[in-house]
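Coordinates as given in coords10.cif (mmCIF, C-alpha atoms):
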```cif
data_protein
loop_
_atom_site.label_atom_id
_atom_site.label_comp_id
_atom_site.auth_asym_id
_atom_site.auth_seq_id
_atom_site.Cartn_x
_atom_site.Cartn_y
_atom_site.Cartn_z
CA MET A 1 -55.30 19.19 -117.32
CA PRO A 2 -59.14 18.97 -117.32
CA LYS A 3 -59.31 21.08 -114.10
CA ARG A 4 -57.34 23.85 -115.78
CA LEU A 5 -59.65 24.06 -118.78
CA PRO A 6 -62.48 25.97 -116.98
CA ILE A 7 -59.95 28.40 -115.49
CA ILE A 8 -58.36 29.06 -118.88
CA ALA A 9 -61.80 29.48 -120.50
CA THR A 10 -62.81 31.97 -117.79
CA LEU A 11 -59.62 34.00 -118.20
CA LEU A 12 -60.05 34.11 -121.98
CA SER A 13 -63.66 35.25 -121.53
CA PHE A 14 -62.54 38.14 -119.29
CA LEU A 15 -59.88 39.17 -121.79
CA TYR A 16 -62.42 39.12 -124.61
CA LEU A 17 -64.96 41.15 -122.63
CA GLY A 18 -62.29 43.66 -121.68
CA ALA A 19 -61.38 44.16 -125.33
CA CYS A 20 -65.05 44.66 -126.26
CA MET A 21 -65.45 47.34 -123.60
CA SER A 22 -62.61 49.47 -124.89
CA TYR A 23 -63.20 53.15 -125.53
CA PRO A 24 -61.52 55.78 -127.67
CA THR A 25 -58.78 57.49 -125.70
CA ILE A 26 -58.54 60.52 -128.02
CA VAL A 27 -61.73 62.03 -129.42
CA GLU A 28 -62.24 62.71 -133.12
CA ALA A 29 -63.69 66.00 -134.42
CA LYS A 30 -66.82 64.19 -135.68
CA ASP A 31 -67.68 63.32 -132.05
CA VAL A 32 -67.48 66.90 -130.78
CA ARG A 33 -70.00 69.73 -130.84
CA PHE A 34 -67.86 72.86 -131.00
CA LEU A 35 -69.69 75.55 -129.04
CA GLU A 36 -67.12 78.26 -129.64
CA ILE A 37 -64.14 78.76 -131.94
CA LYS A 38 -63.13 82.37 -131.51
CA GLU A 39 -59.92 84.27 -132.16
CA PHE A 40 -58.75 86.83 -129.59
CA GLN A 41 -55.68 88.94 -128.89
CA THR A 42 -53.46 88.51 -125.81
CA SER A 43 -50.33 90.31 -124.68
CA ALA A 44 -48.36 87.34 -126.08
CA GLY A 45 -50.10 87.40 -129.49
CA ARG A 46 -53.15 85.84 -131.14
CA SER A 47 -54.97 82.84 -129.68
CA VAL A 48 -58.12 80.86 -130.43
CA LYS A 49 -60.57 79.81 -127.73
CA LEU A 50 -61.98 76.33 -128.32
CA LYS A 51 -65.00 75.30 -126.32
CA GLY A 52 -66.82 72.06 -126.98
CA LEU A 53 -68.76 69.06 -125.79
CA VAL A 54 -67.78 65.45 -126.46
CA PHE A 55 -70.65 63.19 -127.58
CA HIS A 56 -69.68 60.02 -125.71
CA SER A 57 -72.10 59.70 -122.80
CA ALA A 58 -70.01 57.21 -120.83
CA LEU A 59 -66.74 59.11 -121.29
CA ALA A 60 -65.31 62.33 -119.88
CA VAL A 61 -62.42 64.62 -120.76
CA SER A 62 -59.29 63.75 -118.81
CA ALA A 63 -56.69 65.99 -120.50
CA ILE A 64 -56.13 68.34 -123.43
CA ASP A 65 -52.85 68.39 -125.33
CA VAL A 66 -51.88 71.38 -127.49
CA ILE A 67 -49.00 70.40 -129.79
CA PRO A 68 -47.39 73.10 -131.97
CA ALA A 69 -45.49 71.99 -135.10
CA GLY A 70 -44.44 74.85 -137.37
CA ASP A 71 -47.51 76.74 -138.60
CA THR A 72 -49.87 73.98 -137.41
CA VAL A 73 -51.16 73.39 -133.89
CA GLN A 74 -52.73 70.02 -133.10
CA VAL A 75 -55.31 69.73 -130.31
CA LEU A 76 -55.90 66.30 -128.75
CA VAL A 77 -58.69 65.80 -126.21
CA ARG A 78 -58.08 62.66 -124.13
CA LEU A 79 -60.97 60.67 -122.68
CA THR A 80 -61.49 58.45 -119.67
CA PRO A 81 -64.54 56.62 -118.29
CA ALA A 82 -66.94 59.14 -116.76
CA LYS A 83 -66.78 59.60 -113.00
CA LYS A 84 -67.67 62.20 -110.42
CA GLY A 85 -65.96 65.53 -111.02
CA LEU A 86 -65.35 64.97 -114.76
CA SER A 87 -67.52 65.96 -117.71
CA GLY A 88 -67.60 65.81 -121.48
CA GLY A 89 -67.13 69.57 -121.78
CA PHE A 90 -63.81 71.21 -122.50
CA GLN A 91 -62.31 74.65 -123.06
CA VAL A 92 -58.78 75.54 -124.11
CA ASP A 93 -56.97 78.62 -125.40
CA VAL A 94 -54.69 77.73 -128.31
CA PRO A 95 -51.83 80.16 -129.06
CA LEU A 96 -51.27 80.81 -132.78
CA PRO A 97 -47.52 80.78 -133.55
CA THR A 98 -47.75 82.69 -136.86
CA ALA A 99 -50.16 84.84 -138.86
CA ASN A 100 -50.87 81.86 -141.17
CA SER A 101 -51.36 79.30 -138.41
CA ARG A 102 -53.96 76.58 -138.62
CA ILE A 103 -55.43 74.39 -135.90
CA VAL A 104 -56.15 70.70 -136.47
CA PHE A 105 -58.17 68.52 -134.12
CA GLY A 106 -57.83 64.89 -133.11
CA PRO A 107 -55.68 62.08 -134.46
CA SER A 108 -57.17 62.56 -137.94
CA ASN A 109 -55.97 66.20 -138.03
CA VAL A 110 -59.30 67.74 -139.07
CA GLN A 111 -58.72 71.45 -139.70
CA ILE A 112 -60.93 73.61 -137.46
CA TRP A 113 -59.09 76.96 -137.80
CA PRO A 114 -59.24 78.96 -139.90
CA VAL A 115 -62.83 77.88 -140.39
CA GLN A 116 -63.36 76.48 -143.87
CA PRO A 117 -66.45 77.81 -145.74
#
```
For the file at hand, write its structure as structure tokens.
Amino acid sequence: MPKRLPIIATLLSFLYLGACMSYPTIVEAKDVRFLEIKEFQTSAGRSVKLKGLVFHSALAVSAIDVIPAGDTVQVLVRLTPAKKGLSGGFQVDVPLPTANSRIVFGPSNVQIWPVQP
């Protein structure tokens, strides 16, 4: 049993360190600098171009999910540890399903369109 104690302690230390080094997998609106939020017309209808930069220096954008639900469209920007070929910048065109559509961003559903005064 005494020989196993250092091994168990080492494994627990690695698990603890791994938990401390976790990162957000979906960015919140407060961590994004929106560079452009602009409505435009397409042959399929109205859309909004979202262009932004994520303020997490060690993380990069890995995917963008656009999830329509009735009059609301949710945009989720997924993150991964930064590596060659990835950046913190993103751009996506979001189709608006109705004339009264709104766009919410992140897991907290912060409304970004229409822009609130």
Return as a PyMOL selection string the set of residues that the PyMOL selection byres ((chain A and resi 31) around 10) yields on the displayed structure.
-> chain A and resi 27-30+32-34+53-56
What does the distance from atom CA of Ala82 of chain A to atom CA of Trp113 of chain A come to in Å, to one decimal?
-> 28.7 Å
Using only C-alpha atoms, find the one residue out of A:Ser43, A:Val75, A:Val48, A:Val92 that sits nearest to Val110 of chain A.
->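 Residue with the minimum atom-to-atom distance to Val110 of chain A: A:Val75.
In terms of minimum interatomic distance to Arg78 of chain A, A:Ile64 ranks closest within A:Ala99, A:Leu50, A:Ile64, A:Ile37, counting all atoms listed in the file.
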For Phe40 of chain A, which residue among A:Gly52, A:Pro95, A:Pro81, A:Gly88 is the nearest when counting all atoms listed in the file?
-> A:Pro95
Expansion of the PyMOL selection byres ((chain A and resi 105) around 8) into residues, as a PyMOL selection string = chain A and resi 28-29+74-76+103-104+106-112
Which distance in Å separates atom CA of Thr80 of chain A and atom CA of Lys38 of chain A, to one decimal?
-> 26.7 Å
How many Å separate atom CA of Thr98 of chain A from atom CA of Leu35 of chain A?
->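 A separation of 24.4 Å between them.
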Hey, which of A:Pro97, A:Gly45, A:Pro114, A:Gly89 ends up closest to Ser57 of chain A? Count only C-alpha atoms.
->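 Closest candidate: A:Gly89.
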Which one of A:Ile26, A:Leu79, A:Asp71, A:Leu96 sits closest to Gln41 of chain A if you count only C-alpha atoms?
->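 Between A:Ile26, A:Leu79, A:Asp71, A:Leu96, the residue approaching Gln41 of chain A most closely is A:Leu96.
If you measure from each of A:Glu36, A:Ser101, A:Asp65, A:Val115 to Lys51 of chain A using all atoms listed in the file, the closest one turns out to be A:Glu36.
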Taking N, CA and C atoms as the atom set, what does segment 92-113 of chain A look like once completed, written as a PDB file, in the coordinates of the input?
```pdb
ATOM      1  N   VAL A  92     -60.227  75.339-124.071  1.00  0.00           N
ATOM      2  CA  VAL A  92     -58.780  75.540-124.110  1.00  0.00           C
ATOM      3  C   VAL A  92     -58.469  76.748-124.989  1.00  0.00           C
ATOM      4  N   ASP A  93     -57.470  77.521-124.582  1.00  0.00           N
ATOM      5  CA  ASP A  93     -56.970  78.620-125.400  1.00  0.00           C
ATOM      6  C   ASP A  93     -55.733  78.122-126.137  1.00  0.00           C
ATOM      7  N   VAL A  94     -55.752  78.248-127.463  1.00  0.00           N
ATOM      8  CA  VAL A  94     -54.690  77.730-128.310  1.00  0.00           C
ATOM      9  C   VAL A  94     -53.906  78.909-128.896  1.00  0.00           C
ATOM     10  N   PRO A  95     -52.640  79.087-128.489  1.00  0.00           N
ATOM     11  CA  PRO A  95     -51.830  80.160-129.060  1.00  0.00           C
ATOM     12  C   PRO A  95     -51.525  79.882-130.540  1.00  0.00           C
ATOM     13  N   LEU A  96     -51.593  80.931-131.360  1.00  0.00           N
ATOM     14  CA  LEU A  96     -51.270  80.810-132.780  1.00  0.00           C
ATOM     15  C   LEU A  96     -49.835  81.289-132.989  1.00  0.00           C
ATOM     16  N   PRO A  97     -48.931  80.400-133.435  1.00  0.00           N
ATOM     17  CA  PRO A  97     -47.520  80.780-133.550  1.00  0.00           C
ATOM     18  C   PRO A  97     -47.214  81.782-134.661  1.00  0.00           C
ATOM     19  N   THR A  98     -47.999  81.774-135.744  1.00  0.00           N
ATOM     20  CA  THR A  98     -47.750  82.690-136.860  1.00  0.00           C
ATOM     21  C   THR A  98     -49.069  83.254-137.377  1.00  0.00           C
ATOM     22  N   ALA A  99     -48.966  84.233-138.269  1.00  0.00           N
ATOM     23  CA  ALA A  99     -50.160  84.840-138.860  1.00  0.00           C
ATOM     24  C   ALA A  99     -50.924  83.860-139.747  1.00  0.00           C
ATOM     25  N   ASN A 100     -50.241  82.855-140.276  1.00  0.00           N
ATOM     26  CA  ASN A 100     -50.870  81.860-141.170  1.00  0.00           C
ATOM     27  C   ASN A 100     -51.117  80.533-140.473  1.00  0.00           C
ATOM     28  N   SER A 101     -51.195  80.542-139.165  1.00  0.00           N
ATOM     29  CA  SER A 101     -51.360  79.300-138.410  1.00  0.00           C
ATOM     30  C   SER A 101     -52.705  78.641-138.687  1.00  0.00           C
ATOM     31  N   ARG A 102     -52.708  77.338-138.546  1.00  0.00           N
ATOM     32  CA  ARG A 102     -53.960  76.580-138.620  1.00  0.00           C
ATOM     33  C   ARG A 102     -54.004  75.646-137.424  1.00  0.00           C
ATOM     34  N   ILE A 103     -55.220  75.312-137.013  1.00  0.00           N
ATOM     35  CA  ILE A 103     -55.430  74.390-135.900  1.00  0.00           C
ATOM     36  C   ILE A 103     -56.099  73.150-136.448  1.00  0.00           C
ATOM     37  N   VAL A 104     -55.543  71.978-136.100  1.00  0.00           N
ATOM     38  CA  VAL A 104     -56.150  70.700-136.470  1.00  0.00           C
ATOM     39  C   VAL A 104     -56.554  69.990-135.188  1.00  0.00           C
ATOM     40  N   PHE A 105     -57.592  69.158-135.303  1.00  0.00           N
ATOM     41  CA  PHE A 105     -58.170  68.520-134.120  1.00  0.00           C
ATOM     42  C   PHE A 105     -58.154  67.012-134.263  1.00  0.00           C
ATOM     43  N   GLY A 106     -57.762  66.343-133.177  1.00  0.00           N
ATOM     44  CA  GLY A 106     -57.830  64.890-133.110  1.00  0.00           C
ATOM     45  C   GLY A 106     -56.725  64.191-133.888  1.00  0.00           C
ATOM     46  N   PRO A 107     -56.704  62.857-133.767  1.00  0.00           N
ATOM     47  CA  PRO A 107     -55.680  62.080-134.460  1.00  0.00           C
ATOM     48  C   PRO A 107     -55.799  62.125-135.978  1.00  0.00           C
ATOM     49  N   SER A 108     -56.981  62.466-136.486  1.00  0.00           N
ATOM     50  CA  SER A 108     -57.170  62.560-137.940  1.00  0.00           C
ATOM     51  C   SER A 108     -56.801  63.935-138.500  1.00  0.00           C
ATOM     52  N   ASN A 109     -56.409  64.857-137.625  1.00  0.00           N
ATOM     53  CA  ASN A 109     -55.970  66.200-138.030  1.00  0.00           C
ATOM     54  C   ASN A 109     -57.002  66.942-138.871  1.00  0.00           C
ATOM     55  N   VAL A 110     -58.239  66.993-138.389  1.00  0.00           N
ATOM     56  CA  VAL A 110     -59.300  67.740-139.070  1.00  0.00           C
ATOM     57  C   VAL A 110     -59.076  69.227-138.807  1.00  0.00           C
ATOM     58  N   GLN A 111     -58.972  70.020-139.867  1.00  0.00           N
ATOM     59  CA  GLN A 111     -58.720  71.450-139.700  1.00  0.00           C
ATOM     60  C   GLN A 111     -59.979  72.130-139.163  1.00  0.00           C
ATOM     61  N   ILE A 112     -59.804  72.865-138.043  1.00  0.00           N
ATOM     62  CA  ILE A 112     -60.930  73.610-137.460  1.00  0.00           C
ATOM     63  C   ILE A 112     -60.665  75.102-137.430  1.00  0.00           C
ATOM     64  N   TRP A 113     -59.418  75.538-137.727  1.00  0.00           N
ATOM     65  CA  TRP A 113     -59.090  76.960-137.800  1.00  0.00           C
ATOM     66  C   TRP A 113     -58.004  77.160-138.830  1.00  0.00           C
TER      67      TRP A 113
END
```
